$ cat query-v7.txt   # compact mmCIF, C-alpha atoms
# COMPACT_ATOMS: atom_id res chain seq x y z
CA THR A 30 40.58 38.88 24.01
CA LEU A 31 39.51 36.92 20.94
CA ASP A 32 37.10 34.07 21.33
CA ARG A 33 38.98 30.79 20.77
CA SER A 34 36.58 29.44 18.17
CA SER A 35 36.48 32.66 16.15
CA ALA A 36 40.28 32.93 16.24
CA ALA A 37 40.57 29.35 15.04
CA SER A 38 38.32 30.05 12.07
CA ASP A 39 40.81 32.64 10.82
CA VAL A 40 43.74 30.21 10.64
CA TYR A 41 44.55 27.44 8.20
CA LYS A 42 43.25 24.09 9.37
CA ARG A 43 45.90 21.40 9.10
CA GLN A 44 44.39 18.35 7.42
CA LEU A 45 45.09 15.01 9.10
CA LEU A 46 44.07 11.53 7.98
CA LEU A 47 44.01 8.71 10.55
CA VAL A 48 44.09 5.11 9.31
CA ASP A 49 42.96 2.91 12.20
CA ASP A 50 40.65 -0.09 12.17
CA HIS A 51 39.13 0.71 15.58
CA PRO A 52 36.27 3.17 14.96
CA LEU A 53 35.92 4.17 18.60
CA PHE A 54 39.59 5.08 18.87
CA GLY A 55 39.35 7.11 15.68
CA ILE A 56 36.34 9.04 16.95
CA GLY A 57 37.97 9.65 20.33
CA PHE A 58 41.27 10.69 18.81
CA ALA A 59 39.65 13.13 16.40
CA HIS A 60 37.49 14.66 19.14
CA ALA A 61 40.32 15.04 21.65
CA LEU A 62 42.78 16.49 19.16
CA THR A 63 40.42 18.98 17.53
CA HIS A 64 39.13 20.08 20.93
CA ALA A 65 42.68 20.80 22.10
CA ARG A 66 43.76 22.24 18.75
CA PRO A 67 40.96 23.76 16.64
CA ASP A 68 43.51 24.36 13.85
CA PHE A 69 43.56 20.59 13.21
CA GLU A 70 40.94 18.84 11.11
CA VAL A 71 40.86 15.04 11.33
CA GLN A 72 39.35 12.51 8.95
CA THR A 73 39.34 8.80 9.80
CA VAL A 74 39.27 5.63 7.69
CA LEU A 75 39.39 1.96 8.66
CA SER A 76 41.79 0.46 6.09
CA LEU A 77 44.80 1.25 3.95
CA ALA A 78 42.77 1.02 0.75
CA GLN A 79 40.27 3.55 2.11
CA GLY A 80 43.16 5.73 3.27
CA VAL A 81 44.85 5.82 -0.13
CA GLU A 82 41.53 6.64 -1.79
CA ARG A 83 40.64 9.35 0.74
CA ALA A 84 44.11 10.91 0.48
CA ALA A 85 43.62 11.28 -3.27
CA GLN A 86 40.39 13.18 -2.56
CA CYS A 87 41.32 15.41 0.38
CA ALA A 88 45.12 15.86 0.00
CA PRO A 89 45.97 15.66 3.74
CA ASP A 90 49.04 17.33 5.20
CA ILE A 91 49.78 14.33 7.43
CA VAL A 92 48.63 10.73 7.51
CA LEU A 93 48.79 8.68 10.72
CA ILE A 94 48.83 4.93 10.24
CA ASP A 95 48.18 2.41 13.00
CA TYR A 96 50.68 -0.42 13.25
CA ARG A 97 48.06 -3.12 13.81
CA LEU A 98 45.41 -2.89 11.10
CA GLY A 99 43.58 -6.17 11.31
CA GLY A 100 45.10 -8.28 8.54
CA GLU A 101 47.16 -5.39 7.18
CA ASP A 102 50.68 -4.29 8.07
CA GLY A 103 51.04 -0.66 9.12
CA LEU A 104 54.72 -0.67 8.12
CA GLU A 105 53.76 -1.69 4.60
CA GLY A 106 51.13 1.01 4.78
CA LEU A 107 53.84 3.60 5.37
CA ARG A 108 55.66 2.40 2.26
CA LEU A 109 52.43 2.29 0.26
CA PHE A 110 51.56 5.88 1.12
CA GLY A 111 55.12 6.92 0.33
CA ALA A 112 54.77 5.44 -3.14
CA ARG A 113 51.24 6.74 -3.82
CA HIS A 114 51.43 10.09 -2.00
CA PRO A 115 55.11 11.03 -1.61
CA LEU A 116 54.38 14.62 -0.61
CA VAL A 117 52.24 13.60 2.38
CA SER A 118 54.11 13.32 5.69
CA ARG A 119 53.61 9.94 7.36
CA LEU A 120 53.58 8.96 11.02
CA MET A 121 53.02 5.64 12.72
CA ILE A 122 50.69 5.52 15.70
CA SER A 123 50.59 2.46 17.93
CA GLY A 124 49.81 1.04 21.32
CA ASP A 125 53.03 -0.98 21.00
CA GLU A 126 55.44 1.65 22.25
CA GLU A 127 58.72 -0.14 21.58
CA PRO A 128 61.95 1.46 20.28
CA VAL A 129 62.38 -1.35 17.76
CA LEU A 130 58.98 -0.57 16.22
CA ALA A 131 59.75 3.16 16.11
CA ALA A 132 63.03 2.35 14.36
CA ARG A 133 61.27 0.09 11.84
CA ALA A 134 58.69 2.81 11.19
CA ARG A 135 61.46 5.32 10.53
CA ALA A 136 63.12 2.87 8.15
CA ALA A 137 59.77 2.50 6.33
CA GLY A 138 59.61 6.23 5.73
CA ALA A 139 57.76 7.57 8.76
CA ALA A 140 58.63 11.07 9.91
CA GLY A 141 57.48 10.28 13.43
CA PHE A 142 56.16 7.69 15.85
CA ILE A 143 53.32 8.38 18.28
CA GLY A 144 52.41 6.11 21.17
CA LYS A 145 48.68 5.89 21.85
CA SER A 146 49.31 6.45 25.55
CA GLN A 147 50.80 9.90 24.89
CA PRO A 148 48.84 12.93 26.10
CA VAL A 149 47.08 14.99 23.45
CA ALA A 150 49.42 17.93 23.97
CA ARG A 151 52.46 15.78 23.19
CA ILE A 152 50.76 14.29 20.12
CA ALA A 153 49.98 17.81 18.89
CA ARG A 154 53.62 18.84 19.35
CA ALA A 155 54.77 15.82 17.36
CA LEU A 156 52.39 16.75 14.55
CA ASP A 157 53.70 20.33 14.63
CA GLU A 158 57.29 19.09 14.39
CA VAL A 159 56.50 16.90 11.40
CA ALA A 160 54.42 19.59 9.69
CA ALA A 161 57.42 21.92 10.00
CA GLY A 162 59.53 19.43 8.07
CA GLY A 163 61.19 17.73 11.04
CA GLU A 164 60.95 14.34 12.71
CA SER A 165 59.43 13.23 16.00
CA PHE A 166 60.86 10.06 17.52
CA ASP A 167 60.82 10.70 21.26
CA LEU A 168 60.84 6.97 21.93
CA LEU A 169 64.18 6.57 20.19
CA GLN A 170 65.69 9.65 21.77
CA ALA A 171 64.52 8.80 25.26
CA GLN A 172 65.27 5.07 25.32
CA THR A 173 68.11 4.56 22.89
CA GLY A 174 70.03 7.80 23.16
CA LEU A 175 71.56 10.01 20.49
CA PRO A 176 73.56 7.40 18.50
CA ALA A 177 70.52 5.26 17.66
CA ALA A 178 68.29 8.27 17.07
CA SER A 179 70.83 9.69 14.62
CA LEU A 180 70.74 6.68 12.27
CA THR A 181 69.29 7.44 8.86
CA PRO A 182 66.28 5.50 7.56
CA ARG A 183 68.52 3.74 5.03
CA GLN A 184 71.00 2.76 7.77
CA LEU A 185 68.11 1.30 9.76
CA GLU A 186 67.00 -0.70 6.74
CA VAL A 187 70.53 -2.07 6.34
CA LEU A 188 70.74 -2.86 10.06
CA LEU A 189 67.48 -4.82 9.98
CA LEU A 190 68.69 -6.84 7.00
CA VAL A 191 72.04 -7.54 8.67
CA ALA A 192 70.07 -8.82 11.66
CA GLN A 193 68.21 -11.20 9.31
CA GLY A 194 71.53 -12.70 8.25
CA ARG A 195 71.72 -11.06 4.83
CA GLN A 196 75.16 -10.62 3.27
CA ASN A 197 76.22 -7.37 1.57
CA LYS A 198 75.39 -8.63 -1.92
CA GLN A 199 71.91 -9.71 -0.83
CA ILE A 200 71.28 -6.39 0.94
CA ALA A 201 72.36 -4.51 -2.17
CA ALA A 202 69.95 -6.50 -4.33
CA GLU A 203 67.03 -6.12 -1.92
CA LEU A 204 67.49 -2.36 -1.48
CA GLU A 205 68.48 -1.85 -5.13
CA ILE A 206 71.72 -0.07 -4.25
CA ALA A 207 75.38 -0.74 -5.02
CA GLU A 208 77.26 -3.22 -2.85
CA ARG A 209 79.83 -0.51 -2.19
CA THR A 210 77.04 1.67 -0.79
CA VAL A 211 76.02 -1.15 1.55
CA LYS A 212 79.59 -1.34 2.83
CA LEU A 213 79.57 2.42 3.47
CA HIS A 214 76.32 2.14 5.42
CA ILE A 215 77.70 -0.73 7.52
CA THR A 216 80.87 1.23 8.23
CA ALA A 217 78.74 4.16 9.37
CA LEU A 218 76.65 1.83 11.55
CA LEU A 219 79.75 0.36 13.18
CA ASP A 220 81.04 3.85 13.92
CA THR A 221 77.74 5.24 15.21
CA MET A 222 76.96 2.21 17.38
CA ASP A 223 80.58 1.92 18.59
CA ALA A 224 80.75 -1.67 17.35
CA ARG A 225 83.85 -3.70 16.44
CA ASN A 226 82.26 -5.95 13.81
CA ARG A 227 78.89 -7.12 12.49
CA THR A 228 78.27 -9.46 15.41
CA HIS A 229 79.05 -6.73 17.93
CA LEU A 230 76.88 -4.34 15.92
CA LEU A 231 73.86 -6.58 16.48
CA VAL A 232 74.66 -6.84 20.19
CA GLN A 233 74.84 -3.04 20.45
CA ALA A 234 71.65 -2.61 18.43
CA ARG A 235 69.75 -5.00 20.71
CA ARG A 236 71.04 -3.18 23.79
CA ALA A 237 69.81 0.06 22.24
CA GLY A 238 66.37 -1.43 21.64
CA LEU A 239 66.66 -1.26 17.85
CA LEU A 240 66.36 -5.03 17.43
CA LEU A 241 64.32 -7.62 19.24
CA GLU A 242 66.21 -9.63 21.84
CA GLN A 243 67.07 -13.14 20.77
CA ARG A 244 65.03 -15.78 22.58

$ encode --input "query-v7.txt" --output "structure tokens"
Amino acid sequence: TLDRSSAASDVYKRQLLLVDDHPLFGIGFAHALTHARPDFEVQTVLSLAQGVERAAQCAPDIVLIDYRLGGEDGLEGLRLFGARHPLVSRLMISGDEEPVLAARARAAGAAGFIGKSQPVARIARALDEVAAGGESFDLLQAQTGLPAASLTPRQLEVLLLVAQGRQNKQIAAELEIAERTVKLHITALLDTMDARNRTHLLVQARRAGLLLEQR
């Protein structure tokens, strides 16, 4: 049989970039993942600015962005990387393993959501799924079921704005789309979430874990 290390040297190493402001987590993550999967190579940075700069230098296949980045917003980081490096697949990684956060990450352009409590093998599978051009949102599939998981990123954006009390005209202006398109998205949301109207839509979305419960 082939030695594991020599076999690994003959395969392409998938380049990953982790943006996380906790150095110890970054070191541990990189060590655990590359030990389990020698075909992965992980670089770590502590901020979004460093991440954007490093991505320009090393052209990673996948970037993983922590939700809580000190004073920075990981969701905005997803959008930033999408604008600066549109060909790089983006995932959110977080200790806050909530369906609503996974949904918001998907709406911000993430191809997957990884909880920090997940075992290394599951994280590696998620990375494989994204690298193959797919998505990995186990949290949505497991806790919200097929209807919520099947929403498109744009539909999720519209849903979040509806929840903020925006009217169709305001949503259209904010997303820079036609008002008619907003109406089509809302119709699709009502159908997918089996809702009778906008108010019922928000009730169904909260039950599915896509929106925070009202206090």

$ residues_around --input "query-v7.txt" --residues "segment 120-129 of chain A" --least-positions-apart "3" --cutoff "6 Å" --atoms "all atoms listed in the file" --output "VMD selection string"
chain A and resid 93 to 96 132 139 to 145 168 to 169 238 to 240

$ closest_residue --input "query-v7.txt" --among "A:Ala234, A:Val187, A:Ala137, A:Gln72" --to "Asp102 of chain A" --atoms "all atoms listed in the file"
A:Ala137

$ closest_residue --input "query-v7.txt" --among "A:Val48, A:Leu98, A:Ala65, A:Leu230" --to "Ala192 of chain A" --atoms "only C-alpha atoms"
A:Leu230

$ atom_distance --input "query-v7.txt" --atom1 "atom CA of Thr228 of chain A" --atom2 "atom CA of Val211 of chain A"
16.3 Å

$ atom_distance --input "query-v7.txt" --atom1 "atom CA of Arg66 of chain A" --atom2 "atom CA of Ser146 of chain A"
18.1 Å

$ residues_near_point --input "query-v7.txt" --point "(70.9, 3.5, -2.2)" --cutoff "12 Å" --atoms "all atoms listed in the file" --output "NGL selection string"
:A and (181-184 or 186-187 or 200-214)

$ closest_residue --input "query-v7.txt" --among "A:Gly99, A:Leu219, A:Ala153, A:Ser165" --to "Ala61 of chain A" --atoms "all atoms listed in the file"
A:Ala153

$ atom_distance --input "query-v7.txt" --atom1 "atom CA of Leu185 of chain A" --atom2 "atom CA of Ala136 of chain A"
5.5 Å

$ residues_around --input "query-v7.txt" --residues "Gly55 of chain A" --least-positions-apart "6" --cutoff "8 Å" --atoms "all atoms listed in the file" --output "list in words"
Leu47, Asp49 and Thr73 of chain A

$ write_last_selection --input "query-v7.txt" --atoms "C-alpha atoms" --output "mmCIF file, in the frame of the given file"
data_model
loop_
_atom_site.group_PDB
_atom_site.id
_atom_site.type_symbol
_atom_site.label_atom_id
_atom_site.label_comp_id
_atom_site.auth_asym_id
_atom_site.auth_seq_id
_atom_site.Cartn_x
_atom_site.Cartn_y
_atom_site.Cartn_z
ATOM 1 C CA LEU A 47 44.010 8.710 10.550
ATOM 2 C CA ASP A 49 42.960 2.910 12.200
ATOM 3 C CA THR A 73 39.340 8.800 9.800
#

$ closest_residue --input "query-v7.txt" --among "A:Val159, A:Leu218, A:Leu104, A:Ala88" --to "Ala131 of chain A" --atoms "all atoms listed in the file"
A:Leu104

$ residues_around --input "query-v7.txt" --residues "Gly138 of chain A" --least-positions-apart "4" --cutoff "9 Å" --atoms "all atoms listed in the file" --output "count of residues only"
10

$ axis_aligned_box --input "query-v7.txt" --around "segment 109-122 of chain A" --padding-each-side "8 Å" --output "AutoDock Vina command-line options"
--center_x 52.9 --center_y 8.5 --center_z 5.9 --size_x 20.4 --size_y 28.3 --size_z 35.5

$ closest_residue --input "query-v7.txt" --among "A:Val149, A:Val117, A:Ile91, A:Ala84" --to "His60 of chain A" --atoms "only C-alpha atoms"
A:Val149

$ closest_residue --input "query-v7.txt" --among "A:Val71, A:Leu46, A:Leu130, A:Leu231" --to "Gly194 of chain A" --atoms "all atoms listed in the file"
A:Leu231

$ build_atoms --input "query-v7.txt" --residues "segment 189-200 of chain A" --atoms "all heavy atoms" --output "compact mmCIF listing (two decimals), in the frame of the given file"
# COMPACT_ATOMS: atom_id res chain seq x y z
N LEU A 189 68.49 -3.78 9.85
CA LEU A 189 67.48 -4.82 9.98
C LEU A 189 67.78 -6.01 9.08
O LEU A 189 67.55 -7.16 9.46
CB LEU A 189 66.09 -4.24 9.67
CG LEU A 189 65.56 -3.21 10.67
CD1 LEU A 189 64.29 -2.55 10.14
CD2 LEU A 189 65.30 -3.84 12.02
N LEU A 190 68.34 -5.75 7.91
CA LEU A 190 68.69 -6.84 7.00
C LEU A 190 69.92 -7.59 7.49
O LEU A 190 70.01 -8.82 7.34
CB LEU A 190 68.90 -6.30 5.59
CG LEU A 190 67.62 -5.82 4.89
CD1 LEU A 190 67.94 -5.11 3.58
CD2 LEU A 190 66.66 -6.98 4.65
N VAL A 191 70.88 -6.88 8.07
CA VAL A 191 72.04 -7.54 8.67
C VAL A 191 71.56 -8.48 9.78
O VAL A 191 72.03 -9.62 9.91
CB VAL A 191 73.04 -6.51 9.23
CG1 VAL A 191 74.12 -7.21 10.08
CG2 VAL A 191 73.71 -5.74 8.10
N ALA A 192 70.60 -8.01 10.57
CA ALA A 192 70.07 -8.82 11.66
C ALA A 192 69.37 -10.08 11.15
O ALA A 192 69.28 -11.08 11.85
CB ALA A 192 69.11 -7.99 12.51
N GLN A 193 68.86 -10.03 9.91
CA GLN A 193 68.21 -11.20 9.31
C GLN A 193 69.21 -12.14 8.65
O GLN A 193 68.81 -13.13 8.02
CB GLN A 193 67.18 -10.72 8.28
CG GLN A 193 66.00 -9.98 8.90
CD GLN A 193 65.10 -9.32 7.87
OE1 GLN A 193 65.09 -9.72 6.70
NE2 GLN A 193 64.37 -8.30 8.27
N GLY A 194 70.50 -11.82 8.78
CA GLY A 194 71.53 -12.70 8.25
C GLY A 194 71.89 -12.45 6.80
O GLY A 194 72.62 -13.24 6.19
N ARG A 195 71.41 -11.36 6.22
CA ARG A 195 71.72 -11.06 4.83
C ARG A 195 73.18 -10.63 4.68
O ARG A 195 73.71 -9.89 5.51
CB ARG A 195 70.83 -9.94 4.29
CG ARG A 195 69.35 -10.17 4.43
CD ARG A 195 68.82 -11.20 3.44
NE ARG A 195 67.42 -10.99 3.17
CZ ARG A 195 66.43 -11.33 3.99
NH1 ARG A 195 66.70 -11.89 5.15
NH2 ARG A 195 65.16 -11.09 3.67
N GLN A 196 73.82 -11.07 3.60
CA GLN A 196 75.16 -10.62 3.27
C GLN A 196 75.08 -9.34 2.42
O GLN A 196 74.01 -8.98 1.91
CB GLN A 196 75.90 -11.72 2.51
CG GLN A 196 76.11 -12.98 3.34
CD GLN A 196 76.84 -12.72 4.65
OE1 GLN A 196 77.91 -12.10 4.64
NE2 GLN A 196 76.28 -13.17 5.76
N ASN A 197 76.21 -8.66 2.27
CA ASN A 197 76.22 -7.37 1.57
C ASN A 197 75.59 -7.45 0.18
O ASN A 197 74.83 -6.58 -0.22
CB ASN A 197 77.64 -6.84 1.46
CG ASN A 197 78.20 -6.40 2.80
OD1 ASN A 197 77.51 -6.48 3.82
ND2 ASN A 197 79.43 -5.92 2.81
N LYS A 198 75.92 -8.50 -0.57
CA LYS A 198 75.39 -8.63 -1.92
C LYS A 198 73.87 -8.77 -1.91
O LYS A 198 73.17 -8.20 -2.75
CB LYS A 198 76.03 -9.84 -2.60
CG LYS A 198 75.69 -9.99 -4.08
CD LYS A 198 76.49 -11.13 -4.70
CE LYS A 198 76.19 -11.24 -6.19
NZ LYS A 198 76.99 -12.34 -6.82
N GLN A 199 73.35 -9.52 -0.94
CA GLN A 199 71.91 -9.71 -0.83
C GLN A 199 71.22 -8.41 -0.42
O GLN A 199 70.13 -8.08 -0.91
CB GLN A 199 71.61 -10.81 0.20
CG GLN A 199 72.11 -12.19 -0.21
CD GLN A 199 71.99 -13.19 0.92
OE1 GLN A 199 72.44 -12.94 2.04
NE2 GLN A 199 71.39 -14.34 0.63
N ILE A 200 71.84 -7.68 0.50
CA ILE A 200 71.28 -6.39 0.94
C ILE A 200 71.23 -5.43 -0.23
O ILE A 200 70.23 -4.72 -0.44
CB ILE A 200 72.11 -5.80 2.10
CG1 ILE A 200 72.02 -6.70 3.34
CG2 ILE A 200 71.64 -4.38 2.44
CD1 ILE A 200 72.94 -6.30 4.47
